[in-house]
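The block underneath contains the structure these notes are about, expressed in structure tokens.
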Amino acid sequence: MADSSRETALFAPVAVARASSAIADQIRTAIVTGRLKAGDRLSPERELAEQFGVSRVTVRDALRSLEAMGLIEVKVGARGGAFVTAPTGSKVAQTMSDMMLMSGTTPEDIVEARLIVELGTVTLACARATDDDLAQLRTLCERGRGALAAGTYTRELSWDFHSRLAQAAHNDAVGGLTQSFRSSLSMHPLRVREGPSGHALTVAEHLRIVEALERRDGAAARHEMADHLLRGTSLAERSAALLDWWRARDARAGQTSRRRAR
Amino acid sequence: MNGLFTPVSTGRISSDIVGQVKDAIRKGRLAPGDQLPTERELVEQLGVSRVSVRDALRMLEAHGLVEVRVGARGGAFVTAPAPSLAGETLADMLRLSAATPAEVTEVRLVFELGLLPLACERADDADLAALDEICDRAEASLDAGVHDVTLSAEFHTRLARCTHNAAIALFAESFHGTLLRSLRQVKRLAPEMGREGLAEHRALVEALRARDADAARETMAEHVGRTAERVGIARPASVG
């Protein structure tokens, strides 16, 4: 082979980083497919090094990246070792907001995605919310009203309402998504002038959403949610196609149910 | 790049370094493609051990925020992570948190149906051509007797990109991994699914071309619901 450039292309330098990420991938796959479960302890570094046929340094690198991904937790001491963890909501949220940060996503993009999810959330909650869910959502509204009167209302209280609403959808994946919006949007608040008057509107809108859920009125709940999320943003125009579609659909469904009632 | 980072004092030193780098990215002082100072320079600037710096770089790499290249022109470079990597990470997390496959499928339905009015409005000629091309490849592969399930996942994530919204694309990618696993199962159960699925994908492209969100949603609801049933997940409740 006289062509030396071909030779260069044929063989890539063996990177130490490669071996560690290959190991991390294998362990990750075992966790994702359920062969390793939360609470399980991985074999000690020395044994892993033997199993994978690599040095302990390489194993340690792999464990470090799994730790950074929140898949394992390394405890020190006599009962220490690397344990598989169930990632917490905040960890999911952190990862999510890192990704949003790096993929050139704008806050408007996130709110539009959130609009899709939250319209689904209220629809599911309308079908599934228990009396307890509704009572707790009302309690959060009352608490909001109290904080408003005391001048201590914060965005966190608003997010608490949305997180509790996600629970009323009785789907943990909905909860996970809501949590990720909470984290990524609290870093980029979209409504810059969220003063006391804005908070008062928020509390009133939350209450109207709860009232719609109590009546099991999905169309009204979606309508209130859309108004709530879009108020004070430039999205009403941008996302018009989405809102128009829902309005038309709910109007058709309303006609059908009125015909049936007659 | 002097003065970009400040010496760290207490706590978990490597986490602190990671936080500083993230902050620099967030504030735009570091952009994709930028090279970080060398390990030795970071050790000096930050007043920490080389082990801490290496740990921090490893964590940043795992988060997909930097890429470590080896060789003469090597070093740690700030990356724009591929949406697929980001999506995969999110999918892993959603799957590992308490969500069941049925719950993930339901959220997928909420999301994939929900985005259709936007996709119908915003899909341009390039988007439609790309979707056609994926369908053509799927057809060619079926004609050759191969049912390539990765093409279906590719179709769904490409469709989400018709919304021209990076966050929506990211979420769609995150369902991709789960989708692929469920599709592999489907293929084992019913090989004829490939033809049926392809016909539904073609119908979706036509609905997008006609900007008919109702038709698109109807086709998608049937398509996702059927896939769910085949893998033993209850057909998700109506999401509107």
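Residues in the structure tokens are numbered from 1 in each chain, the chains being A, B, ... in the order shown, and ligands are numbered from 1 in the order shown.
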Secondary structure check, alpha helix (DSSP H) residues of segment 114-212 of chain A, as a PyMOL selection string
chain A and resi 114-128+131-150+155-168+172-187+196-212
Write the selection just made, keeping C-alpha atoms, as a tab-separated table (two decimals), in the first residue's frame?
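Listed below is the output, out.tsv:
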chain	number	residue	atom	x	y	z
A	114	ARG	CA	-45.18	22.93	26.72
A	115	LEU	CA	-48.49	24.11	25.26
A	116	ILE	CA	-48.83	20.77	23.46
A	117	VAL	CA	-48.06	18.81	26.61
A	118	GLU	CA	-50.24	20.89	28.96
A	119	LEU	CA	-53.24	20.71	26.63
A	120	GLY	CA	-52.82	16.93	26.83
A	121	THR	CA	-52.34	17.11	30.59
A	122	VAL	CA	-55.65	18.88	31.23
A	123	THR	CA	-57.42	16.51	28.83
A	124	LEU	CA	-56.12	13.49	30.75
A	125	ALA	CA	-56.74	15.17	34.12
A	126	CYS	CA	-60.31	15.88	33.07
A	127	ALA	CA	-60.88	12.17	32.61
A	128	ARG	CA	-58.87	10.95	35.60
A	131	ASP	CA	-61.75	14.08	44.34
A	132	ASP	CA	-58.49	14.24	46.25
A	133	ASP	CA	-56.65	15.67	43.21
A	134	LEU	CA	-59.30	18.36	42.79
A	135	ALA	CA	-59.30	19.21	46.50
A	136	GLN	CA	-55.52	19.60	46.52
A	137	LEU	CA	-55.54	21.76	43.40
A	138	ARG	CA	-58.15	23.99	45.10
A	139	THR	CA	-55.95	24.15	48.20
A	140	LEU	CA	-53.03	25.33	46.04
A	141	CYS	CA	-55.26	28.03	44.55
A	142	GLU	CA	-56.27	29.16	48.05
A	143	ARG	CA	-52.64	29.23	49.11
A	144	GLY	CA	-51.87	31.30	46.03
A	145	ARG	CA	-54.59	33.75	46.95
A	146	GLY	CA	-53.19	34.04	50.47
A	147	ALA	CA	-49.66	34.65	49.19
A	148	LEU	CA	-51.02	37.22	46.76
A	149	ALA	CA	-52.69	39.14	49.61
A	150	ALA	CA	-49.50	38.95	51.67
A	155	ARG	CA	-43.28	31.75	40.32
A	156	GLU	CA	-42.49	28.66	42.37
A	157	LEU	CA	-46.07	28.63	43.65
A	158	SER	CA	-47.32	28.72	40.09
A	159	TRP	CA	-45.07	25.81	39.15
A	160	ASP	CA	-46.32	23.87	42.19
A	161	PHE	CA	-49.80	24.15	40.71
A	162	HIS	CA	-48.69	22.83	37.31
A	163	SER	CA	-46.73	19.95	38.90
A	164	ARG	CA	-49.79	18.96	40.95
A	165	LEU	CA	-51.95	19.20	37.84
A	166	ALA	CA	-49.57	16.79	36.08
A	167	GLN	CA	-50.12	14.33	38.95
A	168	ALA	CA	-53.86	14.54	38.31
A	172	ASP	CA	-45.56	9.60	35.47
A	173	ALA	CA	-44.12	10.46	32.06
A	174	VAL	CA	-46.35	13.57	32.01
A	175	GLY	CA	-44.93	14.42	35.43
A	176	GLY	CA	-41.37	14.03	34.14
A	177	LEU	CA	-41.99	16.32	31.18
A	178	THR	CA	-43.65	18.96	33.36
A	179	GLN	CA	-40.66	18.87	35.68
A	180	SER	CA	-38.30	19.42	32.77
A	181	PHE	CA	-40.29	22.44	31.59
A	182	ARG	CA	-40.14	23.79	35.12
A	183	SER	CA	-36.37	23.66	35.16
A	184	SER	CA	-35.69	24.82	31.62
A	185	LEU	CA	-38.15	27.70	31.77
A	186	SER	CA	-37.19	28.96	35.21
A	187	MET	CA	-33.81	29.65	33.66
A	196	PRO	CA	-48.17	41.60	41.30
A	197	SER	CA	-50.88	42.16	38.66
A	198	GLY	CA	-49.47	39.29	36.58
A	199	HIS	CA	-49.52	37.03	39.64
A	200	ALA	CA	-53.14	37.95	40.33
A	201	LEU	CA	-54.06	36.90	36.79
A	202	THR	CA	-52.13	33.65	37.24
A	203	VAL	CA	-54.03	32.75	40.40
A	204	ALA	CA	-57.40	33.56	38.79
A	205	GLU	CA	-56.49	31.48	35.71
A	206	HIS	CA	-55.43	28.51	37.83
A	207	LEU	CA	-58.76	28.61	39.62
A	208	ARG	CA	-60.68	28.66	36.34
A	209	ILE	CA	-58.72	25.58	35.17
A	210	VAL	CA	-59.68	23.75	38.38
A	211	GLU	CA	-63.32	24.74	37.97
A	212	ALA	CA	-63.32	23.37	34.43
Identify all chain B residues at most 6 Å from chain A by counting only C-alpha atoms; ligands do not count. Present them as a list of chain:residue names.
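Output check: B:Met59, B:Ala62, B:Ala80, B:Ala86, B:Ala99, B:Glu103, B:Val104, B:Val110, B:Gly114, B:Pro117, B:Leu118, B:Asn165, B:Ala166, B:Ala167, B:Ile168.
With only C-alpha atoms taken into account, the protein and nucleic acid residues at most 9 Å from Thr157 of chain B (excluding it and anything under 5 positions from it in its own chain) are B:Ser152, B:Ala169, B:Leu170, B:Ala172, B:Glu173, B:Phe175, B:His176.
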With distances taken over only C-alpha atoms, which of B:Asp34, B:Glu196, B:Glu41, B:Asp125 is nearest to Ala76 of chain B?
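Counting only C-alpha atoms, the residue closest to Ala76 of chain B is B:Asp34.
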